[in-house]
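**Q** What follows is the file protein_19.cif, containing mmCIF, C-alpha atoms:
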data_work
loop_
_atom_site.label_atom_id
_atom_site.label_comp_id
_atom_site.auth_asym_id
_atom_site.auth_seq_id
_atom_site.Cartn_x
_atom_site.Cartn_y
_atom_site.Cartn_z
CA GLU A 1 -33.75 -7.70 -16.35
CA ASP A 2 -33.61 -11.44 -16.98
CA GLN A 3 -30.32 -13.12 -16.13
CA VAL A 4 -28.95 -16.56 -16.91
CA THR A 5 -25.69 -17.92 -15.49
CA GLN A 6 -24.25 -21.26 -16.52
CA SER A 7 -21.56 -23.28 -14.80
CA PRO A 8 -19.01 -24.57 -15.29
CA GLU A 9 -17.71 -22.56 -18.26
CA ALA A 10 -15.93 -25.66 -19.53
CA LEU A 11 -16.15 -29.32 -18.60
CA ARG A 12 -13.89 -32.15 -19.69
CA LEU A 13 -15.12 -35.71 -19.22
CA GLN A 14 -13.91 -39.13 -20.08
CA GLU A 15 -16.24 -41.23 -22.19
CA GLY A 16 -18.75 -42.86 -19.85
CA GLU A 17 -18.17 -40.38 -17.02
CA SER A 18 -21.57 -38.92 -16.08
CA SER A 19 -21.91 -35.31 -14.92
CA SER A 20 -24.27 -32.32 -14.74
CA LEU A 21 -24.34 -28.81 -16.13
CA ASN A 22 -25.98 -26.01 -14.14
CA CYS A 23 -28.12 -23.09 -15.26
CA SER A 24 -29.15 -20.51 -12.66
CA TYR A 25 -31.72 -17.91 -13.66
CA THR A 26 -33.72 -14.91 -12.58
CA VAL A 27 -36.68 -13.95 -14.72
CA SER A 28 -39.83 -11.89 -14.40
CA GLY A 29 -42.45 -14.58 -14.93
CA LEU A 30 -40.93 -17.70 -16.43
CA ARG A 31 -42.62 -18.82 -19.63
CA GLY A 32 -40.10 -21.48 -20.39
CA LEU A 33 -36.50 -22.56 -19.86
CA PHE A 34 -34.80 -23.90 -22.96
CA TRP A 35 -31.72 -26.02 -23.50
CA TYR A 36 -29.83 -25.91 -26.78
CA ARG A 37 -26.75 -27.62 -28.14
CA GLN A 38 -24.39 -25.64 -30.40
CA ASP A 39 -21.63 -27.14 -32.50
CA PRO A 40 -18.77 -24.91 -33.72
CA GLY A 41 -19.79 -22.68 -36.61
CA LYS A 42 -23.43 -23.73 -36.42
CA GLY A 43 -26.64 -22.33 -35.00
CA PRO A 44 -28.07 -23.71 -31.75
CA GLU A 45 -30.05 -26.94 -31.96
CA PHE A 46 -33.13 -27.21 -29.74
CA LEU A 47 -33.04 -29.91 -27.05
CA PHE A 48 -35.66 -29.30 -24.34
CA THR A 49 -38.23 -26.90 -22.98
CA LEU A 50 -39.16 -26.93 -19.29
CA TYR A 51 -42.11 -24.88 -18.09
CA SER A 52 -42.54 -25.44 -14.35
CA ALA A 53 -40.56 -26.48 -11.28
CA GLY A 54 -40.36 -30.23 -10.90
CA GLU A 55 -40.61 -30.91 -14.60
CA GLU A 56 -38.13 -33.30 -16.22
CA LYS A 57 -37.41 -34.11 -19.86
CA GLU A 58 -35.18 -36.85 -21.32
CA LYS A 59 -33.59 -37.48 -24.67
CA GLU A 60 -31.07 -40.28 -25.15
CA ARG A 61 -28.21 -39.61 -22.70
CA LEU A 62 -29.54 -36.19 -21.67
CA LYS A 63 -31.98 -35.34 -18.90
CA ALA A 64 -33.06 -31.82 -18.00
CA THR A 65 -34.62 -30.84 -14.68
CA LEU A 66 -36.04 -27.57 -13.37
CA THR A 67 -36.45 -25.86 -10.00
CA LYS A 68 -37.63 -22.33 -9.23
CA LYS A 69 -34.08 -21.00 -9.42
CA GLU A 70 -32.06 -23.34 -11.60
CA SER A 71 -31.99 -26.10 -14.15
CA PHE A 72 -29.65 -29.02 -14.53
CA LEU A 73 -28.66 -30.89 -17.67
CA HIS A 74 -27.55 -34.35 -16.66
CA ILE A 75 -25.40 -36.30 -19.10
CA THR A 76 -25.27 -40.05 -18.50
CA ALA A 77 -22.39 -42.10 -19.91
CA PRO A 78 -21.40 -39.40 -22.44
CA LYS A 79 -19.79 -40.18 -25.77
CA PRO A 80 -17.32 -38.07 -27.77
CA GLU A 81 -20.15 -37.01 -30.08
CA ASP A 82 -21.80 -35.26 -27.14
CA SER A 83 -18.97 -32.71 -27.22
CA ALA A 84 -20.50 -29.29 -27.91
CA THR A 85 -21.46 -26.05 -26.23
CA TYR A 86 -24.68 -26.37 -24.24
CA LEU A 87 -26.74 -23.21 -23.94
CA CYS A 88 -29.51 -22.44 -21.47
CA ALA A 89 -32.07 -19.71 -22.14
CA VAL A 90 -35.21 -18.29 -20.51
CA ARG A 91 -38.31 -16.65 -21.88
CA ASN A 92 -40.26 -14.20 -19.73
CA ALA A 93 -43.93 -13.47 -19.51
CA GLY A 94 -44.10 -10.36 -21.65
CA GLY A 95 -42.34 -7.30 -22.90
CA THR A 96 -42.00 -5.63 -26.26
CA SER A 97 -40.04 -8.53 -27.73
CA TYR A 98 -42.46 -11.26 -26.86
CA GLY A 99 -41.00 -14.70 -27.29
CA LYS A 100 -37.36 -13.62 -27.17
CA LEU A 101 -34.88 -15.76 -25.30
CA THR A 102 -32.15 -14.56 -22.95
CA PHE A 103 -29.14 -16.86 -23.10
CA GLY A 104 -26.46 -17.86 -20.65
CA GLN A 105 -22.85 -17.89 -21.74
CA GLY A 106 -22.84 -21.63 -22.28
CA THR A 107 -20.87 -24.63 -21.04
CA ILE A 108 -18.27 -26.07 -23.39
CA LEU A 109 -18.36 -29.85 -22.97
CA THR A 110 -15.51 -32.00 -24.22
CA VAL A 111 -15.78 -35.78 -23.97
CA HIS A 112 -12.55 -37.70 -24.48
CA PRO A 113 -12.59 -41.28 -25.78
CA GLY B 1 -40.00 -30.08 -38.88
CA ALA B 2 -39.25 -26.49 -37.83
CA VAL B 3 -36.38 -25.82 -40.20
CA VAL B 4 -34.85 -22.37 -40.47
CA SER B 5 -32.60 -21.65 -43.43
CA GLN B 6 -30.08 -18.81 -43.34
CA HIS B 7 -28.09 -17.55 -46.29
CA PRO B 8 -25.26 -16.97 -46.94
CA SER B 9 -23.35 -19.12 -44.47
CA TRP B 10 -20.31 -16.89 -44.79
CA VAL B 11 -19.46 -13.63 -46.51
CA ILE B 12 -16.37 -11.46 -46.83
CA CYS B 13 -16.86 -7.83 -47.77
CA LYS B 14 -14.86 -4.64 -47.93
CA SER B 15 -15.25 -1.87 -45.41
CA GLY B 16 -18.00 0.56 -46.41
CA THR B 17 -20.10 -1.92 -48.37
CA SER B 18 -23.46 -3.40 -47.35
CA VAL B 19 -24.31 -7.04 -46.80
CA LYS B 20 -27.74 -8.67 -46.78
CA ILE B 21 -28.48 -11.85 -44.83
CA GLU B 22 -31.65 -13.85 -45.43
CA CYS B 23 -33.55 -15.98 -42.94
CA ARG B 24 -36.36 -18.27 -44.05
CA SER B 25 -38.67 -20.56 -42.12
CA LEU B 26 -39.09 -23.52 -44.47
CA ASP B 27 -41.96 -25.51 -43.04
CA PHE B 28 -43.81 -23.15 -40.75
CA GLN B 29 -45.00 -19.58 -40.63
CA ALA B 30 -43.05 -17.28 -38.36
CA THR B 31 -44.84 -14.15 -37.23
CA THR B 32 -41.78 -13.23 -35.24
CA MET B 33 -38.11 -13.72 -36.04
CA PHE B 34 -35.14 -12.78 -33.90
CA TRP B 35 -31.66 -11.74 -34.94
CA TYR B 36 -28.76 -12.59 -32.65
CA ARG B 37 -25.06 -11.82 -32.78
CA GLN B 38 -22.35 -14.03 -31.32
CA PHE B 39 -18.71 -13.18 -30.74
CA PRO B 40 -16.09 -15.94 -30.39
CA LYS B 41 -16.52 -17.97 -27.23
CA GLN B 42 -19.41 -15.78 -26.11
CA SER B 43 -23.11 -16.35 -25.93
CA LEU B 44 -25.85 -15.09 -28.18
CA MET B 45 -26.82 -11.45 -27.82
CA LEU B 46 -30.21 -10.41 -29.10
CA MET B 47 -30.00 -7.58 -31.61
CA ALA B 48 -33.60 -7.13 -32.67
CA THR B 49 -37.04 -8.66 -32.93
CA SER B 50 -38.54 -8.78 -36.39
CA ASN B 51 -42.33 -8.77 -36.72
CA GLU B 52 -44.04 -9.50 -40.02
CA GLY B 53 -45.58 -6.38 -41.48
CA SER B 54 -44.26 -3.96 -38.88
CA LYS B 55 -41.07 -2.24 -37.79
CA ALA B 56 -38.44 -4.22 -35.97
CA THR B 57 -37.79 -3.71 -32.27
CA TYR B 58 -34.13 -3.13 -31.53
CA GLU B 59 -32.31 -3.92 -28.30
CA GLN B 60 -30.59 -1.14 -26.43
CA GLY B 61 -27.29 -0.19 -28.02
CA VAL B 62 -28.07 -1.65 -31.46
CA GLU B 63 -28.09 0.95 -34.23
CA LYS B 64 -31.28 0.56 -36.23
CA ASP B 65 -29.90 2.58 -39.15
CA LYS B 66 -26.89 0.30 -39.39
CA PHE B 67 -28.69 -3.01 -39.03
CA LEU B 68 -31.74 -2.79 -41.26
CA ILE B 69 -34.34 -5.47 -40.74
CA ASN B 70 -37.19 -6.27 -43.08
CA HIS B 71 -39.83 -8.94 -42.40
CA ALA B 72 -41.76 -8.90 -45.64
CA SER B 73 -43.60 -12.20 -45.27
CA LEU B 74 -44.39 -14.90 -42.73
CA THR B 75 -41.42 -16.93 -43.93
CA LEU B 76 -38.72 -14.38 -44.70
CA SER B 77 -36.75 -11.84 -42.70
CA THR B 78 -33.62 -10.05 -43.88
CA LEU B 79 -30.85 -8.28 -42.01
CA THR B 80 -28.77 -5.74 -43.94
CA VAL B 81 -25.53 -4.55 -42.40
CA THR B 82 -25.01 -1.14 -43.96
CA SER B 83 -21.63 0.54 -44.42
CA ALA B 84 -19.92 -2.39 -42.76
CA HIS B 85 -16.76 -1.88 -40.74
CA PRO B 86 -14.26 -4.44 -39.36
CA GLU B 87 -15.87 -4.21 -35.92
CA ASP B 88 -19.08 -5.57 -37.47
CA SER B 89 -17.29 -8.84 -38.18
CA SER B 90 -19.16 -11.47 -36.22
CA PHE B 91 -21.42 -14.52 -36.39
CA TYR B 92 -25.02 -13.50 -37.05
CA ILE B 93 -27.78 -16.00 -36.31
CA CYS B 94 -31.48 -15.73 -37.01
CA SER B 95 -34.24 -17.63 -35.28
CA ALA B 96 -37.94 -18.06 -35.75
CA ARG B 97 -40.84 -18.96 -33.51
CA GLY B 98 -44.03 -20.64 -34.52
CA THR B 99 -47.27 -20.11 -32.65
CA GLY B 100 -47.79 -19.97 -28.90
CA ASN B 101 -44.99 -20.65 -26.47
CA SER B 102 -42.99 -22.81 -28.87
CA PRO B 103 -39.17 -22.86 -28.80
CA LEU B 104 -37.06 -20.79 -31.13
CA HIS B 105 -35.49 -22.62 -34.03
CA PHE B 106 -32.23 -21.28 -35.34
CA GLY B 107 -30.56 -20.98 -38.69
CA ASN B 108 -26.99 -22.11 -39.10
CA GLY B 109 -25.63 -18.60 -38.90
CA THR B 110 -23.69 -16.27 -41.18
CA ARG B 111 -20.02 -15.59 -40.58
CA LEU B 112 -19.40 -11.98 -41.66
CA THR B 113 -15.83 -10.80 -42.16
CA VAL B 114 -15.27 -7.15 -43.04
CA THR B 115 -11.81 -6.33 -44.39
#
In structure tokens, how does this file's structure come out?

**A**
Amino acid sequence: EDQVTQSPEALRLQEGESSSLNCSYTVSGLRGLFWYRQDPGKGPEFLFTLYSAGEEKEKERLKATLTKKESFLHITAPKPEDSATYLCAVRNAGGTSYGKLTFGQGTILTVHP
Amino acid sequence: GAVVSQHPSWVICKSGTSVKIECRSLDFQATTMFWYRQFPKQSLMLMATSNEGSKATYEQGVEKDKFLINHASLTLSTLTVTSAHPEDSSFYICSARGTGNSPLHFGNGTRLTVT
């Protein structure tokens, strides 16, 4: 069974204080690791897909990296508008529900001005 | 691109009634759609996989007779919560995948409250 564990559960930062979120995973044949952002009362918004160890993706203040066991979401000089829940998910190589994602419990990020 | 529209965004119903939630992919065809459920401060739990033109595949522990899923076209899937009870109150989110190994794109969710 695929498993995704995110840490920390909650993270409070001051504006401009860089940090990283962790996503540890076990999956039977990784077909992609996905990062999403979710605002309260909304559906998740897609950020990145990483497919193989060593891969990196960047978008504005966010940078996602991937190893064989975990992924990091680095936030550089965050702003209050970066406050949200960040979700990590994995997709495995097959199964009856092809394409489905297994999610971690998320990291609630709060950035104070 | 890749917009998924979900309707309604919130609904309040009485115990014993049924509620239908619609999920549409607006600018792409979605052979497969997924229905998730999310409790407060918890992550998304997959309920079922909806395949166009065939029966849905339900995750273990999800009652298929209670949560009816219909995927009538490549752009529309519906979830009907039948004989709703207060414990069915939750945030229901649909998602759709285009072709290949593309990411899932999510609707904005439906907040269901059963009184």

**Q** Extract, using all atoms listed in the file, all DNA, RNA and protein residues at most 6 Å from Lys14 in chain B, discarding same-chain residues fewer than 3 positions from it, and format them as an MDAnalysis selection string.

**A** chainID B and resid 17 114:115

**Q** Could the residues in this selection be written to a file with C-alpha atoms, as a compact mmCIF listing (two decimals), in the frame of the given file?

**A**
# COMPACT_ATOMS: atom_id res chain seq x y z
CA THR B 17 -20.10 -1.92 -48.37
CA VAL B 114 -15.27 -7.15 -43.04
CA THR B 115 -11.81 -6.33 -44.39

**Q** What residues in chain A have any atom no more than 10 Å from chain B when counting only C-alpha atoms, and can you write them as a PDB file with C-alpha atoms, in the frame of the given file?

**A**
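Final output, saved to result27.pdb:
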ATOM      1  CA  ARG A  31     -42.620 -18.820 -19.630  1.00  0.00           C
ATOM      2  CA  GLY A  32     -40.100 -21.480 -20.390  1.00  0.00           C
ATOM      3  CA  LEU A  33     -36.500 -22.560 -19.860  1.00  0.00           C
ATOM      4  CA  PHE A  34     -34.800 -23.900 -22.960  1.00  0.00           C
ATOM      5  CA  TRP A  35     -31.720 -26.020 -23.500  1.00  0.00           C
ATOM      6  CA  TYR A  36     -29.830 -25.910 -26.780  1.00  0.00           C
ATOM      7  CA  GLN A  38     -24.390 -25.640 -30.400  1.00  0.00           C
ATOM      8  CA  ASP A  39     -21.630 -27.140 -32.500  1.00  0.00           C
ATOM      9  CA  PRO A  40     -18.770 -24.910 -33.720  1.00  0.00           C
ATOM     10  CA  GLY A  41     -19.790 -22.680 -36.610  1.00  0.00           C
ATOM     11  CA  LYS A  42     -23.430 -23.730 -36.420  1.00  0.00           C
ATOM     12  CA  GLY A  43     -26.640 -22.330 -35.000  1.00  0.00           C
ATOM     13  CA  PRO A  44     -28.070 -23.710 -31.750  1.00  0.00           C
ATOM     14  CA  GLU A  45     -30.050 -26.940 -31.960  1.00  0.00           C
ATOM     15  CA  PHE A  46     -33.130 -27.210 -29.740  1.00  0.00           C
ATOM     16  CA  LEU A  47     -33.040 -29.910 -27.050  1.00  0.00           C
ATOM     17  CA  PHE A  48     -35.660 -29.300 -24.340  1.00  0.00           C
ATOM     18  CA  THR A  49     -38.230 -26.900 -22.980  1.00  0.00           C
ATOM     19  CA  TYR A  51     -42.110 -24.880 -18.090  1.00  0.00           C
ATOM     20  CA  THR A  85     -21.460 -26.050 -26.230  1.00  0.00           C
ATOM     21  CA  LEU A  87     -26.740 -23.210 -23.940  1.00  0.00           C
ATOM     22  CA  CYS A  88     -29.510 -22.440 -21.470  1.00  0.00           C
ATOM     23  CA  ALA A  89     -32.070 -19.710 -22.140  1.00  0.00           C
ATOM     24  CA  ARG A  91     -38.310 -16.650 -21.880  1.00  0.00           C
ATOM     25  CA  THR A  96     -42.000  -5.630 -26.260  1.00  0.00           C
ATOM     26  CA  SER A  97     -40.040  -8.530 -27.730  1.00  0.00           C
ATOM     27  CA  TYR A  98     -42.460 -11.260 -26.860  1.00  0.00           C
ATOM     28  CA  GLY A  99     -41.000 -14.700 -27.290  1.00  0.00           C
ATOM     29  CA  LYS A 100     -37.360 -13.620 -27.170  1.00  0.00           C
ATOM     30  CA  LEU A 101     -34.880 -15.760 -25.300  1.00  0.00           C
ATOM     31  CA  THR A 102     -32.150 -14.560 -22.950  1.00  0.00           C
ATOM     32  CA  PHE A 103     -29.140 -16.860 -23.100  1.00  0.00           C
ATOM     33  CA  GLY A 104     -26.460 -17.860 -20.650  1.00  0.00           C
ATOM     34  CA  GLN A 105     -22.850 -17.890 -21.740  1.00  0.00           C
ATOM     35  CA  GLY A 106     -22.840 -21.630 -22.280  1.00  0.00           C
ATOM     36  CA  THR A 107     -20.870 -24.630 -21.040  1.00  0.00           C
ATOM     37  CA  ILE A 108     -18.270 -26.070 -23.390  1.00  0.00           C
TER      38      ILE A 108
END

**Q** Excluding same-chain residues fewer than 4 positions from Leu109 in chain A, what lies within 9 Å of it counting all atoms listed in the file, as a ChimeraX atom specification?

**A** /A:9-13,82-86

**Q** Could you state the separation of CA of Tyr25 in chain A and CA of Gln60 in chain B in Å, given to one decimal place?

**A**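 CA of Tyr25 in chain A sits 21.1 Å away from CA of Gln60 in chain B.
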
**Q** What lies within 8 Å of Ser83 in chain B using only C-alpha atoms, ignoring chain neighbours under 2 positions off, as a ChimeraX atom specification?

**A** /B:15-18,66,81,85

**Q** Can you work out which one of A:Lys68, A:Asn22, A:Leu73, A:Gln6 has the shortest atom-to-atom distance to Glu56 in chain A, counting all atoms listed in the file?

**A**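 Between A:Lys68, A:Asn22, A:Leu73, A:Gln6, the residue approaching Glu56 in chain A most closely is A:Leu73.
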
**Q** Between CA of Leu76 in chain B and CA of Val90 in chain A, what is the distance, to one decimal in Å?

**A**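 Here the two named atoms are 24.8 Å from each other.
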
**Q** Would you translate the PyMOL selection byres ((chain A and resi 63) around 9) into the concrete set of residues it matches in this file, as JSON, numbers by chain?

**A** {"A": [48, 56, 57, 58, 59, 60, 61, 62, 64, 65, 72, 73, 74, 75, 76]}

**Q** Quick one: pull the distance between CA of Cys23 in chain A and CA of Pro80 in chain A, Å, one decimal.

**A**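 A separation of 22.3 Å between them.
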
**Q** Name the residues that the PyMOL selection byres ((chain A and resi 53) around 7) pulls out of this structure, and write them as JSON, numbers by chain.

**A** {"A": [52, 54, 55, 66, 67, 68]}

**Q** The PyMOL selection byres ((chain A and resi 29) around 7) on the file shown: which residues, as a count of residues only?

**A** 6

**Q** Go through B:Thr31, B:Val19, B:Ser90, B:Arg24 one by one, measure the shortest atom-to-atom distance of each to Phe67 in chain B using all atoms listed in the file, and give the residue with the smallest value.

**A** B:Val19

**Q** When you look at Pro78 in chain A with a cut-off of 10 Å (counting all atoms listed in the file), what residues show up, excluding the ones that are within fewer than 6 positions of it in the same chain? I need them as a PyMOL selection string.

**A** chain A and resi 13-19+61-62+110-113

**Q** Would you compute an axis-aligned box for range 90-93 of chain A, covering every atom listed for it in the file with 3 Å of margin on each side, and report centre and edge lengths in Å to one decimal as JSON?

**A**
{"center_x": -39.6, "center_y": -15.9, "center_z": -20.7, "size_x": 14.7, "size_y": 10.8, "size_z": 8.4}
